[in-house]
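> One structure is given below, represented as structure tokens, and several questions about it will come after.
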Amino acid sequence: MSEEKGTIEKMLVVKPFKVFDSHGHPGLEKKGIADRPGCLDFWCGDSVVSRSMMGARAFMGDPNPFKVITKPEECPEMSPEVFIQYMDMAGVEAMCLQCIHGVTDPYPGNPKGWKWYVPNEYVKKDFIDAFPGRFTAVGGVHPRYGKQAAVEMVISAKECGFPGIKVHPPTSGYPNNPDLYPAYEKCQELGLHVQIHTGVEELPGTRAKYQHPVYVDDVAMDFPKLKILQLHCGVFNNPMMGLWNVMKHDNLYTDITIPHPTLMQFKYYWDLDHMRFLEFFMPDKVFYGTDFPLTLPVYRAMVDNIMNLPLSMDFKHKLMGNNFRKFINWKSK
Ligand SMILES: [Zn+2]
């Protein structure tokens, strides 16, 4: 008898496993939504993002999900409880939430730029403290108000007990902007990791030039000891550069988070050849994430799809949770 496990053991004996979703978006909850700049624009008005949220509206019981809505009262009953409900349905133990802070460049119709702000304190109180063991978060940081303000945003994330921060270049400009460097130094000093968005973005006022993964290479070159998570692996802009970043830099990790499964191409996320590339070249440096609630209608299907791919169970467990748990030193309750 061979020492190798047979097909049944390798592929079909499913051990109980809890997923960790490394990337979700709070802020779109109905309660107080108008107080969080930018969040209303996800549901209201006739834009790419509000149209792509119509699927979520349908799933949450809106009898007329294709009607363009304009007022906070018309928003669906999104709440932290809805997050928990969908996580439970998909076997997701916990989710890392993206607090956001950013202001775009000015553009016609909006001379001050589009502001997106989901405060750290809100996420800590309404999600993390309200549901122990189910959420963690990263704090929003941007350089639009200057170097010192960016450093203070890092300190706020630390004070909230978060394991890292997030920079959102589509709203905040190039991630290798020298005005962000003191904030990165502060992260290193405080032991926080840095998440940097790459890839395309459909939100108002966002510019694609800022989102190229080549600028993340620059940050990794200048901060070789900083733990960096490259979000979305450069989807559409340049996924190959995103993959190369992970192979080149020991301190750089990526995720496979997909903002809109029905809008974005499937190739780089659910394609078997691509997943096997990840398994072969970077099995310990890639994380599963979902952009929930943007992916609410397919939340369970996304997990099932990956768990059913013919990849090793060892890699699936790393990808679907264990790599990220290790990355943030997560202790399950
Ligand atoms: Zn996201």
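Going by the structure tokens order, chains are called A, B, ..., each with residues numbered from 1, while ligands are numbered from 1 in the order shown.
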Within 7 Å of ligand 1, which residues show up when you count only C-alpha atoms and all ligand atoms? List them as a list of chain:residue names, please.

A:His23, A:Gly24, A:His25, A:Pro259, A:Asp291

> Compile a residue-level contact table for region 128-183 of chain A against region 212-226 of chain A at a cut-off of 12 Å, reporting for every qualifying residue the shortest atom pair and its distance in Å to one decimal, with only C-alpha atoms counted, rows ordered by chain and ascending number, as CSV.


```
residue,atom,partner,partner_atom,distance
A:Gly164,CA,A:Leu226,CA,10.8
A:Ile165,CA,A:Leu226,CA,11.8
A:Val167,CA,A:Val216,CA,10.8
A:His168,CA,A:Val216,CA,11.7
A:Pro169,CA,A:His212,CA,9.2
A:Pro170,CA,A:His212,CA,9.8
A:Gly173,CA,A:Tyr215,CA,10.5
A:Tyr174,CA,A:Tyr215,CA,6.9
A:Pro175,CA,A:Tyr215,CA,6.4
A:Asn176,CA,A:Val219,CA,5.6
A:Asn177,CA,A:Val219,CA,9.1
A:Pro178,CA,A:Val219,CA,9.8
A:Leu180,CA,A:Val219,CA,9.9
A:Tyr181,CA,A:Val219,CA,8.7
A:Pro182,CA,A:Phe223,CA,11.2
A:Ala183,CA,A:Leu226,CA,11.4
```

> Which of region 24-177 of chain A counts as alpha helix (DSSP H) under DSSP, as a PyMOL selection string please?

chain A and resi 40-43+48-52+54-59+80-89+120-123+147-159+169-172

> Give me the residues near Phe66 (chain A) as a PyMOL selection string, where near means some atom within 10 Å (using only C-alpha atoms) and where sequence neighbours in that chain fewer than 4 positions away do not count.

chain A and resi 50-55+57-58+62

> For the residues in the current selection, export N, CA, C and O atoms as a CSV table (one decimal), in the first residue's frame.


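Saved as out20.csv:
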```csv
chain,number,residue,atom,x,y,z
A,50,SER,N,-24.5,51.7,-7.1
A,50,SER,CA,-25.9,51.5,-6.6
A,50,SER,C,-26.6,50.5,-7.4
A,50,SER,O,-27.4,49.7,-6.9
A,51,ARG,N,-26.3,50.4,-8.7
A,51,ARG,CA,-27.0,49.4,-9.5
A,51,ARG,C,-26.5,48.0,-9.2
A,51,ARG,O,-27.2,47.0,-9.2
A,52,SER,N,-25.2,47.9,-8.8
A,52,SER,CA,-24.6,46.6,-8.5
A,52,SER,C,-25.1,46.2,-7.1
A,52,SER,O,-25.1,45.0,-6.7
A,53,MET,N,-25.6,47.1,-6.3
A,53,MET,CA,-26.2,46.7,-5.0
A,53,MET,C,-27.6,46.3,-5.0
A,53,MET,O,-28.2,45.9,-4.0
A,54,MET,N,-28.2,46.4,-6.3
A,54,MET,CA,-29.6,46.0,-6.4
A,54,MET,C,-29.8,44.5,-6.1
A,54,MET,O,-30.9,44.1,-5.6
A,55,GLY,N,-28.8,43.7,-6.4
A,55,GLY,CA,-28.9,42.3,-6.0
A,55,GLY,C,-29.0,42.1,-4.5
A,55,GLY,O,-29.8,41.3,-4.0
A,57,ARG,N,-30.2,44.3,-2.4
A,57,ARG,CA,-31.5,44.7,-2.1
A,57,ARG,C,-32.6,43.6,-2.3
A,57,ARG,O,-33.4,43.4,-1.4
A,58,ALA,N,-32.4,43.0,-3.4
A,58,ALA,CA,-33.4,41.9,-3.7
A,58,ALA,C,-33.3,40.8,-2.7
A,58,ALA,O,-34.3,40.3,-2.2
A,62,ASP,N,-36.3,43.5,-0.8
A,62,ASP,CA,-36.9,44.7,-1.5
A,62,ASP,C,-37.8,44.2,-2.7
A,62,ASP,O,-37.2,43.5,-3.6
```

> Which one of A:Leu229, A:Val194, A:Ala94, A:Met60 sits closest to Asn322 (chain A) if you count only C-alpha atoms?

A:Ala94

> Give me the residues near Asn329 (chain A) as a list in words, where near means some atom within 9 Å (using only C-alpha atoms) and where sequence neighbours in that chain fewer than 4 positions away do not count.

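Answer for this query is Pro163, Phe324 and Arg325 of chain A.
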
> Store the residues of this selection in a file with C-alpha atoms, as an mmCIF file, in the first residue's frame.


```cif
data_model
loop_
_atom_site.group_PDB
_atom_site.id
_atom_site.type_symbol
_atom_site.label_atom_id
_atom_site.label_comp_id
_atom_site.auth_asym_id
_atom_site.auth_seq_id
_atom_site.Cartn_x
_atom_site.Cartn_y
_atom_site.Cartn_z
ATOM 1 C CA PRO A 163 -4.342 44.811 14.121
ATOM 2 C CA PHE A 324 -5.164 35.300 7.729
ATOM 3 C CA ARG A 325 -5.576 34.058 11.315
#
```

> I want to know what sits within 12 Å of Glu201 (chain A), based on only C-alpha atoms, with residues of the same chain fewer than 6 positions away left out; could you give that as number ranges by chain?

A: 48-49, 168-171, 207-212, 231-232, 234-237, 258-260, 263-264

> Write a file of the selected residues as a PDB file, in the first residue's frame, keeping N, CA, C and O atoms.


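Output file again.pdb follows:
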```
ATOM      1  N   VAL A  48     -22.951  53.063 -11.022  1.00  0.00           N
ATOM      2  CA  VAL A  48     -22.516  51.662 -11.159  1.00  0.00           C
ATOM      3  C   VAL A  48     -22.641  50.947  -9.814  1.00  0.00           C
ATOM      4  O   VAL A  48     -23.143  49.831  -9.727  1.00  0.00           O
ATOM      5  N   VAL A  49     -22.203  51.616  -8.744  1.00  0.00           N
ATOM      6  CA  VAL A  49     -22.214  50.914  -7.452  1.00  0.00           C
ATOM      7  C   VAL A  49     -23.641  50.700  -6.952  1.00  0.00           C
ATOM      8  O   VAL A  49     -23.980  49.607  -6.480  1.00  0.00           O
ATOM      9  N   HIS A 168      -6.677  53.597   1.070  1.00  0.00           N
ATOM     10  CA  HIS A 168      -7.542  53.397  -0.096  1.00  0.00           C
ATOM     11  C   HIS A 168      -7.140  54.391  -1.192  1.00  0.00           C
ATOM     12  O   HIS A 168      -7.736  55.481  -1.318  1.00  0.00           O
ATOM     13  N   PRO A 169      -6.121  54.052  -1.992  1.00  0.00           N
ATOM     14  CA  PRO A 169      -5.603  54.996  -2.995  1.00  0.00           C
ATOM     15  C   PRO A 169      -6.646  55.580  -3.953  1.00  0.00           C
ATOM     16  O   PRO A 169      -6.511  56.751  -4.338  1.00  0.00           O
ATOM     17  N   PRO A 170      -7.707  54.843  -4.352  1.00  0.00           N
ATOM     18  CA  PRO A 170      -8.673  55.455  -5.268  1.00  0.00           C
ATOM     19  C   PRO A 170      -9.235  56.771  -4.738  1.00  0.00           C
ATOM     20  O   PRO A 170      -9.537  57.683  -5.506  1.00  0.00           O
ATOM     21  N   THR A 171      -9.403  56.866  -3.410  1.00  0.00           N
ATOM     22  CA  THR A 171      -9.860  58.129  -2.839  1.00  0.00           C
ATOM     23  C   THR A 171      -8.714  58.977  -2.291  1.00  0.00           C
ATOM     24  O   THR A 171      -8.889  60.185  -2.144  1.00  0.00           O
ATOM     25  N   ARG A 207      -9.946  57.502  -9.151  1.00  0.00           N
ATOM     26  CA  ARG A 207      -9.117  57.508 -10.365  1.00  0.00           C
ATOM     27  C   ARG A 207      -8.245  56.260 -10.411  1.00  0.00           C
ATOM     28  O   ARG A 207      -7.535  55.940  -9.459  1.00  0.00           O
ATOM     29  N   ALA A 208      -8.276  55.590 -11.595  1.00  0.00           N
ATOM     30  CA  ALA A 208      -7.606  54.295 -11.731  1.00  0.00           C
ATOM     31  C   ALA A 208      -6.088  54.389 -11.612  1.00  0.00           C
ATOM     32  O   ALA A 208      -5.431  53.430 -11.225  1.00  0.00           O
ATOM     33  N   LYS A 209      -5.529  55.555 -11.936  1.00  0.00           N
ATOM     34  CA  LYS A 209      -4.059  55.647 -11.940  1.00  0.00           C
ATOM     35  C   LYS A 209      -3.470  55.361 -10.561  1.00  0.00           C
ATOM     36  O   LYS A 209      -2.352  54.877 -10.454  1.00  0.00           O
ATOM     37  N   TYR A 210      -4.222  55.669  -9.503  1.00  0.00           N
ATOM     38  CA  TYR A 210      -3.697  55.494  -8.141  1.00  0.00           C
ATOM     39  C   TYR A 210      -3.673  54.038  -7.691  1.00  0.00           C
ATOM     40  O   TYR A 210      -3.099  53.705  -6.674  1.00  0.00           O
ATOM     41  N   GLN A 211      -4.383  53.171  -8.442  1.00  0.00           N
ATOM     42  CA  GLN A 211      -4.692  51.837  -7.921  1.00  0.00           C
ATOM     43  C   GLN A 211      -3.738  50.758  -8.429  1.00  0.00           C
ATOM     44  O   GLN A 211      -3.912  49.586  -8.122  1.00  0.00           O
ATOM     45  N   HIS A 212      -2.754  51.162  -9.222  1.00  0.00           N
ATOM     46  CA  HIS A 212      -1.861  50.169  -9.828  1.00  0.00           C
ATOM     47  C   HIS A 212      -0.940  49.544  -8.774  1.00  0.00           C
ATOM     48  O   HIS A 212      -0.364  50.263  -7.953  1.00  0.00           O
ATOM     49  N   LEU A 231      -4.625  44.528  -1.316  1.00  0.00           N
ATOM     50  CA  LEU A 231      -6.018  44.108  -1.467  1.00  0.00           C
ATOM     51  C   LEU A 231      -6.407  43.961  -2.948  1.00  0.00           C
ATOM     52  O   LEU A 231      -6.017  44.778  -3.774  1.00  0.00           O
ATOM     53  N   HIS A 232      -7.156  42.941  -3.250  1.00  0.00           N
ATOM     54  CA  HIS A 232      -7.730  42.674  -4.582  1.00  0.00           C
ATOM     55  C   HIS A 232      -6.702  42.255  -5.644  1.00  0.00           C
ATOM     56  O   HIS A 232      -7.067  42.047  -6.804  1.00  0.00           O
ATOM     57  N   GLY A 234      -4.722  43.703  -7.549  1.00  0.00           N
ATOM     58  CA  GLY A 234      -4.656  44.483  -8.794  1.00  0.00           C
ATOM     59  C   GLY A 234      -5.703  44.140  -9.837  1.00  0.00           C
ATOM     60  O   GLY A 234      -5.465  44.305 -11.032  1.00  0.00           O
ATOM     61  N   VAL A 235      -6.885  43.697  -9.403  1.00  0.00           N
ATOM     62  CA  VAL A 235      -7.907  43.252 -10.361  1.00  0.00           C
ATOM     63  C   VAL A 235      -8.151  44.276 -11.482  1.00  0.00           C
ATOM     64  O   VAL A 235      -8.300  45.464 -11.223  1.00  0.00           O
ATOM     65  N   PHE A 236      -8.149  43.778 -12.698  1.00  0.00           N
ATOM     66  CA  PHE A 236      -8.295  44.576 -13.925  1.00  0.00           C
ATOM     67  C   PHE A 236      -7.080  45.459 -14.234  1.00  0.00           C
ATOM     68  O   PHE A 236      -6.608  45.475 -15.357  1.00  0.00           O
ATOM     69  N   ASN A 237      -6.590  46.226 -13.242  1.00  0.00           N
ATOM     70  CA  ASN A 237      -5.450  47.107 -13.517  1.00  0.00           C
ATOM     71  C   ASN A 237      -4.262  46.279 -13.995  1.00  0.00           C
ATOM     72  O   ASN A 237      -3.749  46.480 -15.087  1.00  0.00           O
ATOM     73  N   ILE A 258     -13.017  39.881  -4.263  1.00  0.00           N
ATOM     74  CA  ILE A 258     -13.617  40.300  -5.519  1.00  0.00           C
ATOM     75  C   ILE A 258     -14.808  41.192  -5.210  1.00  0.00           C
ATOM     76  O   ILE A 258     -15.716  40.816  -4.499  1.00  0.00           O
ATOM     77  N   PRO A 259     -14.770  42.425  -5.711  1.00  0.00           N
ATOM     78  CA  PRO A 259     -15.825  43.368  -5.331  1.00  0.00           C
ATOM     79  C   PRO A 259     -17.204  43.041  -5.909  1.00  0.00           C
ATOM     80  O   PRO A 259     -18.197  43.219  -5.232  1.00  0.00           O
ATOM     81  N   HIS A 260     -17.259  42.584  -7.135  1.00  0.00           N
ATOM     82  CA  HIS A 260     -18.559  42.325  -7.758  1.00  0.00           C
ATOM     83  C   HIS A 260     -18.456  41.086  -8.637  1.00  0.00           C
ATOM     84  O   HIS A 260     -18.060  41.187  -9.792  1.00  0.00           O
ATOM     85  N   LEU A 263     -19.936  41.521 -11.978  1.00  0.00           N
ATOM     86  CA  LEU A 263     -19.465  42.637 -12.784  1.00  0.00           C
ATOM     87  C   LEU A 263     -18.012  42.419 -13.208  1.00  0.00           C
ATOM     88  O   LEU A 263     -17.627  42.720 -14.335  1.00  0.00           O
ATOM     89  N   MET A 264     -17.210  41.906 -12.279  1.00  0.00           N
ATOM     90  CA  MET A 264     -15.796  41.684 -12.552  1.00  0.00           C
ATOM     91  C   MET A 264     -15.609  40.366 -13.291  1.00  0.00           C
ATOM     92  O   MET A 264     -16.396  39.452 -13.139  1.00  0.00           O
TER      93      MET A 264
END
```

> Which residue, A:Phe17, A:Gly242, A:Lys30, A:Gln98, has the smallest gap to Met78 (chain A) when you use only C-alpha atoms?

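Looking only at the distances to Met78 (chain A), the closest residue turns out to be A:Lys30.
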
> Considering only C-alpha atoms, can you say which of A:Leu311, A:Val298, A:Met241, A:Leu252 comes closest to Lys285 (chain A)?

A:Leu252

> List every residue of region 53-111 of chain A that DSSP, applied to the backbone, labels as strand (DSSP E), and write the result as a ChimeraX atom specification.

/A:92-98,100-103

> Would you mind exporting N, CA and C atoms of the selected residues as a compact mmCIF listing (two decimals), in the first residue's frame?


```txt
# COMPACT_ATOMS: atom_id res chain seq x y z
N VAL A 92 -18.75 31.07 8.32
CA VAL A 92 -17.67 32.04 8.51
C VAL A 92 -17.57 32.40 10.00
N GLU A 93 -16.42 32.10 10.58
CA GLU A 93 -16.22 32.40 12.00
C GLU A 93 -16.18 33.90 12.25
N ALA A 94 -15.37 34.60 11.43
CA ALA A 94 -15.13 36.02 11.71
C ALA A 94 -14.78 36.76 10.42
N MET A 95 -14.90 38.09 10.51
CA MET A 95 -14.65 38.93 9.35
C MET A 95 -13.79 40.12 9.78
N CYS A 96 -12.84 40.50 8.92
CA CYS A 96 -12.06 41.72 9.17
C CYS A 96 -12.72 42.87 8.42
N LEU A 97 -13.14 43.88 9.16
CA LEU A 97 -13.90 44.99 8.60
C LEU A 97 -13.00 46.16 8.21
N GLN A 98 -13.33 46.78 7.12
CA GLN A 98 -12.55 47.89 6.59
C GLN A 98 -13.16 49.22 7.05
N ILE A 100 -12.93 53.08 6.82
CA ILE A 100 -12.47 53.82 5.65
C ILE A 100 -12.36 55.29 5.97
N HIS A 101 -11.32 55.91 5.44
CA HIS A 101 -11.21 57.35 5.54
C HIS A 101 -10.53 57.80 4.25
N GLY A 102 -11.24 58.58 3.45
CA GLY A 102 -10.63 59.04 2.21
C GLY A 102 -11.43 60.15 1.56
N VAL A 103 -10.74 60.97 0.78
CA VAL A 103 -11.38 62.05 0.00
C VAL A 103 -10.73 62.03 -1.38
```

> Need to verify the contact set: Ser156 (chain A), 10 Å, only C-alpha atoms, exclusion of same-chain residues closer than 3 positions in sequence. Can you return it as a ChimeraX atom specification?

/A:119-121,139-141,150-153,159-162,165

> Mind pulling up the distance from CA of Lys18 (chain A) to CA of Gly91 (chain A)?

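Between CA of Gly91 (chain A) and CA of Lys18 (chain A) the gap works out to 5.6 Å.
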
> Expressed in Å to a single decimal, how great is the separation between CA of Phe281 (chain A) and CA of Met320 (chain A)?

16.5 Å

> Taking only C-alpha atoms into account, which of A:Met282, A:Phe135, A:Asn305, A:Arg144 comes nearest Trp330 (chain A)?

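Ranking A:Met282, A:Phe135, A:Asn305, A:Arg144 by distance to Trp330 (chain A), first place goes to A:Phe135.
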